[in-house]
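S.K.: Just dropping this structure here.
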2 protein chains.
Amino acid sequence: MQQGDFFDPSCPTRVVLDRIGDKWSVLVVLSLHRGPRRFTELRDMIGGVTPKVLTQTLRAMERDGLLTRKVFAEVPPRVEYTLTELGQSLQEPLQAVTDWAEHNVNAVMSARDLHDTRATA
Amino acid sequence: MQQGDFFDPSCPTRVVLDRIGDKWSVLVVLSLHRGPRRFTELRDMIGGVTPKVLTQTLRAMERDGLLTRKVFAEVPPRVEYTLTELGQSLQEPLQAVTDWAEHNVNAVMSARDLHDTRATA
DNA sequence: CAGTATCCTTCGCGATACTG
DNA sequence: CAGTATCGCGAAGGATACTG
């Protein structure tokens, strides 16, 4: 299991990691897990995201083949975002990470407090 | 399985996600997977990281209880970084993500090329 | 060897306002 | 409703040089 090449900055895996590293992308994937969502739904689900950033994120993810954007010719306009198979396959490992986060956030916060207390004391 | 709270900006899970979102942290965890490493070893393994950023990353991870820093009173000085149990437990879900990245980077790049071609054409 | 110090760029992101 | 346009800042990250 050679993974030295993984650390090469020019390795395309880094590209993927950069995308995943974007917390908004992660939250979008999680938000779309249960099915298609509209723009406003996503914005409401994901606290603190501005329309601009959400749009950027969605466009980038569409470009990477993680989701599809479907516009309905209606009034008022409606746009639905849906995970592709690729996007859905990403959801699994991502879920593993967020599960870890939920289970271990206390441990992290405790370690942080302890560390800070020692530093202050 | 309520995960609506997960999207609250004030949710501590976001904190963890921010740390994981840092690509350097991810690479450090992966680098330490096989055992303790020295500062220079890490810097060499992880391409493109500057000492400053690596130090920042290591300090933050130490603070969060993900790794320990051990200084040996030798000349020349030696410092070893080791994953804690918490850090090791994080390695698993992270590995899942990077595995996904390795397996699907081609699909992502293809989607990207296709998208860009259409846009240009 | 294992960092620290300093400077500087850039650019992600937020706030706000406007539109098809 | 689903965005786009514009402005601006603050902080992360890079390059470089120096030190215990």
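Order determines the names: the first chain of the structure tokens is A, the second B, and so forth; residues in each chain are numbered 1 upward, and ligands are numbered 1 upward as they are shown.
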Write out as a VMD selection string each polymer residue whose atoms come within 12 Å of DA11 in chain D, counting only C-alpha atoms (C1' of nucleotides); drop sequence neighbours fewer than 3 positions from it.

M.R.: chain C and resid 9 to 13

S.K.: Take the residues from that selection and put them in a file with all heavy atoms, as a compact mmCIF listing (two decimals), in the first residue's frame.

M.R.:
```txt
# COMPACT_ATOMS: atom_id res chain seq x y z
P DT C 9 2.75 42.54 -1.48
OP1 DT C 9 3.61 43.24 -2.46
OP2 DT C 9 1.84 43.32 -0.62
O5' DT C 9 1.92 41.42 -2.26
C5' DT C 9 2.54 40.17 -2.59
C4' DT C 9 1.53 39.04 -2.48
O4' DT C 9 1.22 38.76 -1.10
C3' DT C 9 0.18 39.33 -3.17
O3' DT C 9 -0.20 38.19 -3.90
C2' DT C 9 -0.74 39.59 -2.00
C1' DT C 9 -0.18 38.62 -0.97
N1 DT C 9 -0.56 38.87 0.44
C2 DT C 9 -1.12 37.84 1.18
O2 DT C 9 -1.34 36.74 0.73
N3 DT C 9 -1.43 38.17 2.48
C4 DT C 9 -1.24 39.39 3.09
O4 DT C 9 -1.56 39.55 4.26
C5 DT C 9 -0.65 40.42 2.26
C7 DT C 9 -0.41 41.79 2.84
C6 DT C 9 -0.34 40.12 0.99
P DT C 10 -1.11 38.44 -5.23
OP1 DT C 10 -0.25 38.37 -6.43
OP2 DT C 10 -1.94 39.64 -5.01
O5' DT C 10 -2.04 37.14 -5.19
C5' DT C 10 -1.82 36.12 -4.21
C4' DT C 10 -3.16 35.70 -3.62
O4' DT C 10 -3.27 36.19 -2.26
C3' DT C 10 -4.37 36.28 -4.36
O3' DT C 10 -5.46 35.38 -4.36
C2' DT C 10 -4.75 37.46 -3.48
C1' DT C 10 -4.53 36.82 -2.12
N1 DT C 10 -4.48 37.77 -0.97
C2 DT C 10 -4.77 37.31 0.29
O2 DT C 10 -5.06 36.17 0.54
N3 DT C 10 -4.72 38.28 1.27
C4 DT C 10 -4.41 39.62 1.12
O4 DT C 10 -4.39 40.38 2.06
C5 DT C 10 -4.11 40.02 -0.24
C7 DT C 10 -3.78 41.44 -0.51
C6 DT C 10 -4.17 39.09 -1.21
P DC C 11 -5.58 34.05 -5.31
OP1 DC C 11 -4.27 33.36 -5.45
OP2 DC C 11 -6.32 34.49 -6.50
O5' DC C 11 -6.54 33.11 -4.45
C5' DC C 11 -6.48 33.12 -3.01
C4' DC C 11 -7.80 33.56 -2.41
O4' DC C 11 -7.64 34.77 -1.65
C3' DC C 11 -8.90 33.89 -3.44
O3' DC C 11 -10.13 33.32 -3.00
C2' DC C 11 -9.01 35.38 -3.39
C1' DC C 11 -8.73 35.61 -1.91
N1 DC C 11 -8.41 36.99 -1.52
C2 DC C 11 -8.38 37.33 -0.16
O2 DC C 11 -8.62 36.46 0.69
N3 DC C 11 -8.09 38.60 0.20
C4 DC C 11 -7.84 39.52 -0.73
N4 DC C 11 -7.55 40.74 -0.32
C5 DC C 11 -7.87 39.19 -2.12
C6 DC C 11 -8.15 37.93 -2.47
P DG C 12 -10.45 31.80 -3.49
OP1 DG C 12 -9.16 31.11 -3.67
OP2 DG C 12 -11.42 31.84 -4.61
O5' DG C 12 -11.18 31.18 -2.21
C5' DG C 12 -10.45 30.95 -1.04
C4' DG C 12 -11.24 31.37 0.20
O4' DG C 12 -11.11 32.80 0.41
C3' DG C 12 -12.74 31.09 0.16
O3' DG C 12 -13.12 30.58 1.44
C2' DG C 12 -13.38 32.45 -0.13
C1' DG C 12 -12.39 33.40 0.52
N9 DG C 12 -12.28 34.72 -0.14
C8 DG C 12 -12.17 34.95 -1.48
N7 DG C 12 -12.03 36.21 -1.79
C5 DG C 12 -12.04 36.86 -0.56
C6 DG C 12 -11.92 38.24 -0.25
O6 DG C 12 -11.76 39.19 -1.00
N1 DG C 12 -11.99 38.46 1.14
C2 DG C 12 -12.16 37.48 2.08
N2 DG C 12 -12.21 37.88 3.36
N3 DG C 12 -12.27 36.18 1.81
C4 DG C 12 -12.20 35.95 0.47
P DC C 13 -14.53 29.91 1.62
OP1 DC C 13 -14.39 28.86 2.64
OP2 DC C 13 -15.10 29.58 0.30
O5' DC C 13 -15.35 31.10 2.27
C5' DC C 13 -14.82 31.75 3.44
C4' DC C 13 -15.52 33.06 3.67
O4' DC C 13 -15.07 34.04 2.72
C3' DC C 13 -17.04 33.00 3.50
O3' DC C 13 -17.64 33.04 4.79
C2' DC C 13 -17.39 34.22 2.63
C1' DC C 13 -16.08 35.01 2.60
N1 DC C 13 -15.84 35.77 1.35
C2 DC C 13 -15.58 37.14 1.42
O2 DC C 13 -15.57 37.69 2.52
N3 DC C 13 -15.35 37.83 0.28
C4 DC C 13 -15.37 37.21 -0.90
N4 DC C 13 -15.13 37.93 -2.00
C5 DC C 13 -15.63 35.82 -1.00
C6 DC C 13 -15.86 35.12 0.14
```

S.K.: Restrict the distance test to only C-alpha atoms, flag each residue of chain A within 6 Å of chain B, and return the flagged residues as a short mmCIF file (atom, residue, chain, number, x, y, z; two decimals) with N, CA and C atoms, in the first residue's frame.

M.R.:
```
data_model
loop_
_atom_site.label_atom_id
_atom_site.label_comp_id
_atom_site.auth_asym_id
_atom_site.auth_seq_id
_atom_site.Cartn_x
_atom_site.Cartn_y
_atom_site.Cartn_z
N PHE A 7 1.08 12.35 -1.26
CA PHE A 7 1.48 13.62 -0.65
C PHE A 7 2.13 14.57 -1.63
N ASP A 8 2.20 14.13 -2.84
CA ASP A 8 2.73 15.00 -3.88
C ASP A 8 1.71 16.11 -4.18
N PRO A 9 2.14 17.36 -4.11
CA PRO A 9 1.21 18.46 -4.33
C PRO A 9 0.54 18.40 -5.70
N THR A 13 -5.24 13.70 -6.34
CA THR A 13 -6.01 13.40 -5.14
C THR A 13 -6.11 14.64 -4.26
N VAL A 16 -9.16 16.61 -5.09
CA VAL A 16 -10.37 16.12 -4.46
C VAL A 16 -10.40 16.53 -2.99
N GLY A 21 -12.31 19.45 1.52
CA GLY A 21 -11.89 20.32 2.60
C GLY A 21 -12.81 21.51 2.76
N ILE A 46 -28.48 24.95 5.71
CA ILE A 46 -27.09 25.20 6.06
C ILE A 46 -26.97 26.58 6.67
N GLY A 47 -26.86 26.62 7.96
CA GLY A 47 -26.84 27.90 8.65
C GLY A 47 -25.61 28.71 8.32
N ARG A 63 -19.69 21.13 -11.52
CA ARG A 63 -18.56 20.97 -12.43
C ARG A 63 -17.82 19.65 -12.16
N ASP A 64 -17.73 19.29 -10.91
CA ASP A 64 -17.01 18.08 -10.54
C ASP A 64 -17.88 16.83 -10.65
N GLY A 65 -19.09 17.00 -11.14
CA GLY A 65 -19.94 15.84 -11.35
C GLY A 65 -20.54 15.26 -10.08
N PRO A 93 -18.31 8.03 2.84
CA PRO A 93 -17.12 8.36 3.62
C PRO A 93 -17.27 9.66 4.39
N ALA A 96 -19.02 9.05 7.53
CA ALA A 96 -18.11 8.45 8.51
C ALA A 96 -17.37 9.53 9.29
N VAL A 97 -16.95 10.55 8.57
CA VAL A 97 -16.22 11.63 9.22
C VAL A 97 -17.12 12.42 10.16
N ALA A 101 -17.05 13.06 14.14
CA ALA A 101 -17.10 14.40 14.72
C ALA A 101 -18.14 14.46 15.83
N GLU A 102 -19.31 13.90 15.57
CA GLU A 102 -20.36 13.96 16.57
C GLU A 102 -20.00 13.17 17.83
N VAL A 108 -12.58 16.27 21.99
CA VAL A 108 -11.76 17.34 21.42
C VAL A 108 -11.88 18.60 22.26
N ALA A 111 -10.00 18.19 25.53
CA ALA A 111 -8.56 18.31 25.32
C ALA A 111 -8.18 19.78 25.15
N ARG A 112 -9.01 20.47 24.44
CA ARG A 112 -8.75 21.88 24.18
C ARG A 112 -8.79 22.69 25.47
N HIS A 115 -5.79 21.88 27.65
CA HIS A 115 -4.61 22.51 27.08
C HIS A 115 -4.59 24.01 27.39
#
```

S.K.: From chain A, collect each residue whose DSSP state is helix (DSSP H, G or I) and return the set as a PyMOL selection string.

M.R.: chain A and resi 4-7+12-21+23-31+39-45+51-63+85-120

S.K.: Find the residues near DC1 in chain C: any atom within 10 Å, counting only C-alpha atoms (C1' of nucleotides), skip ones fewer than 6 places away on the same chain, and give them as a list in words.

M.R.: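 The filter keeps Arg38, Phe39, Thr40, Val75, Pro76, Pro77, Arg78 and Val79 of chain B.
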
S.K.: Give the answer as one residue: which of B:Thr50, B:Ser25, B:Thr68, B:Thr55 has the shortest atom-to-atom distance to chain C, using only C-alpha atoms (C1' of nucleotides)?

M.R.: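 Of B:Thr50, B:Ser25, B:Thr68, B:Thr55, the one nearest chain C, counting only C-alpha atoms (C1' of nucleotides), is B:Thr55.
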
S.K.: My list of candidates is A:Leu58, A:Ala119, A:Leu32, A:Lys52. Which is closest to DT6 in chain D when distances are computed with only C-alpha atoms (C1' of nucleotides)?

M.R.: A:Lys52

S.K.: Give me, as a PyMOL selection string, the residues of chain C touching chain B, with the criterion being at most 12 Å (counting only C-alpha atoms (C1' of nucleotides)).

M.R.: chain C and resi 1-6

S.K.: Should the cut-off be 12 Å, what would the residue list for chain D against chain B look like, counting only C-alpha atoms (C1' of nucleotides), as number ranges by chain?

M.R.: D: 12-16, 20

S.K.: Would you mind exporting N, CA, C and O atoms (P, O5', C5', C4', C3', O3' and C1' of nucleotides) of the selected residues as a PDB file, in the first residue's frame?

M.R.:
```pdb
ATOM      1  P    DA D  12      -6.530  32.587  10.579  1.00  0.00           P
ATOM      2  O5'  DA D  12      -6.286  31.465   9.472  1.00  0.00           O
ATOM      3  C5'  DA D  12      -7.286  31.250   8.460  1.00  0.00           C
ATOM      4  C4'  DA D  12      -6.628  30.918   7.139  1.00  0.00           C
ATOM      5  C3'  DA D  12      -5.444  29.959   7.269  1.00  0.00           C
ATOM      6  O3'  DA D  12      -5.504  29.001   6.232  1.00  0.00           O
ATOM      7  C1'  DA D  12      -4.727  31.959   6.213  1.00  0.00           C
ATOM      8  P    DG D  13      -4.557  27.703   6.286  1.00  0.00           P
ATOM      9  O5'  DG D  13      -3.401  28.085   5.260  1.00  0.00           O
ATOM     10  C5'  DG D  13      -3.758  28.472   3.958  1.00  0.00           C
ATOM     11  C4'  DG D  13      -2.596  29.184   3.292  1.00  0.00           C
ATOM     12  C3'  DG D  13      -1.259  28.430   3.380  1.00  0.00           C
ATOM     13  O3'  DG D  13      -0.804  28.166   2.068  1.00  0.00           O
ATOM     14  C1'  DG D  13      -0.987  30.734   3.898  1.00  0.00           C
ATOM     15  P    DG D  14       0.416  27.167   1.827  1.00  0.00           P
ATOM     16  O5'  DG D  14       1.521  28.155   1.261  1.00  0.00           O
ATOM     17  C5'  DG D  14       1.290  28.839   0.032  1.00  0.00           C
ATOM     18  C4'  DG D  14       2.356  29.885  -0.192  1.00  0.00           C
ATOM     19  C3'  DG D  14       3.797  29.369  -0.104  1.00  0.00           C
ATOM     20  O3'  DG D  14       4.507  29.690  -1.290  1.00  0.00           O
ATOM     21  C1'  DG D  14       3.512  31.304   1.252  1.00  0.00           C
ATOM     22  P    DA D  15       5.975  29.109  -1.505  1.00  0.00           P
ATOM     23  O5'  DA D  15       6.883  30.377  -1.179  1.00  0.00           O
ATOM     24  C5'  DA D  15       6.578  31.637  -1.762  1.00  0.00           C
ATOM     25  C4'  DA D  15       7.663  32.649  -1.390  1.00  0.00           C
ATOM     26  C3'  DA D  15       9.068  32.058  -1.298  1.00  0.00           C
ATOM     27  O3'  DA D  15      10.010  32.939  -1.908  1.00  0.00           O
ATOM     28  C1'  DA D  15       8.466  33.023   0.790  1.00  0.00           C
ATOM     29  P    DT D  16      11.530  32.475  -2.070  1.00  0.00           P
ATOM     30  O5'  DT D  16      12.234  33.151  -0.800  1.00  0.00           O
ATOM     31  C5'  DT D  16      11.888  34.496  -0.456  1.00  0.00           C
ATOM     32  C4'  DT D  16      12.464  34.846   0.901  1.00  0.00           C
ATOM     33  C3'  DT D  16      13.846  34.254   1.199  1.00  0.00           C
ATOM     34  O3'  DT D  16      14.804  35.313   1.302  1.00  0.00           O
ATOM     35  C1'  DT D  16      12.402  34.087   3.066  1.00  0.00           C
ATOM     36  P    DG D  20      19.189  32.659  20.005  1.00  0.00           P
ATOM     37  O5'  DG D  20      18.638  31.570  21.040  1.00  0.00           O
ATOM     38  C5'  DG D  20      17.271  31.189  21.046  1.00  0.00           C
ATOM     39  C4'  DG D  20      17.146  29.711  21.424  1.00  0.00           C
ATOM     40  C3'  DG D  20      18.211  29.217  22.388  1.00  0.00           C
ATOM     41  O3'  DG D  20      17.644  28.232  23.256  1.00  0.00           O
ATOM     42  C1'  DG D  20      18.353  27.986  20.377  1.00  0.00           C
TER      43       DG D  20
END
```

S.K.: Enumerate, as a ChimeraX atom specification, the complete set of residues in range 35-71 of chain B that a backbone-based DSSP assignment places in strand (DSSP E or B).

M.R.: /B:37-38,67-71

S.K.: How many Å lie between C1' of DC9 in chain D and CA of Arg59 in chain B, rounded to one decimal?

M.R.: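 If I compute the distance from C1' of DC9 in chain D to CA of Arg59 in chain B, I get 26.8 Å.
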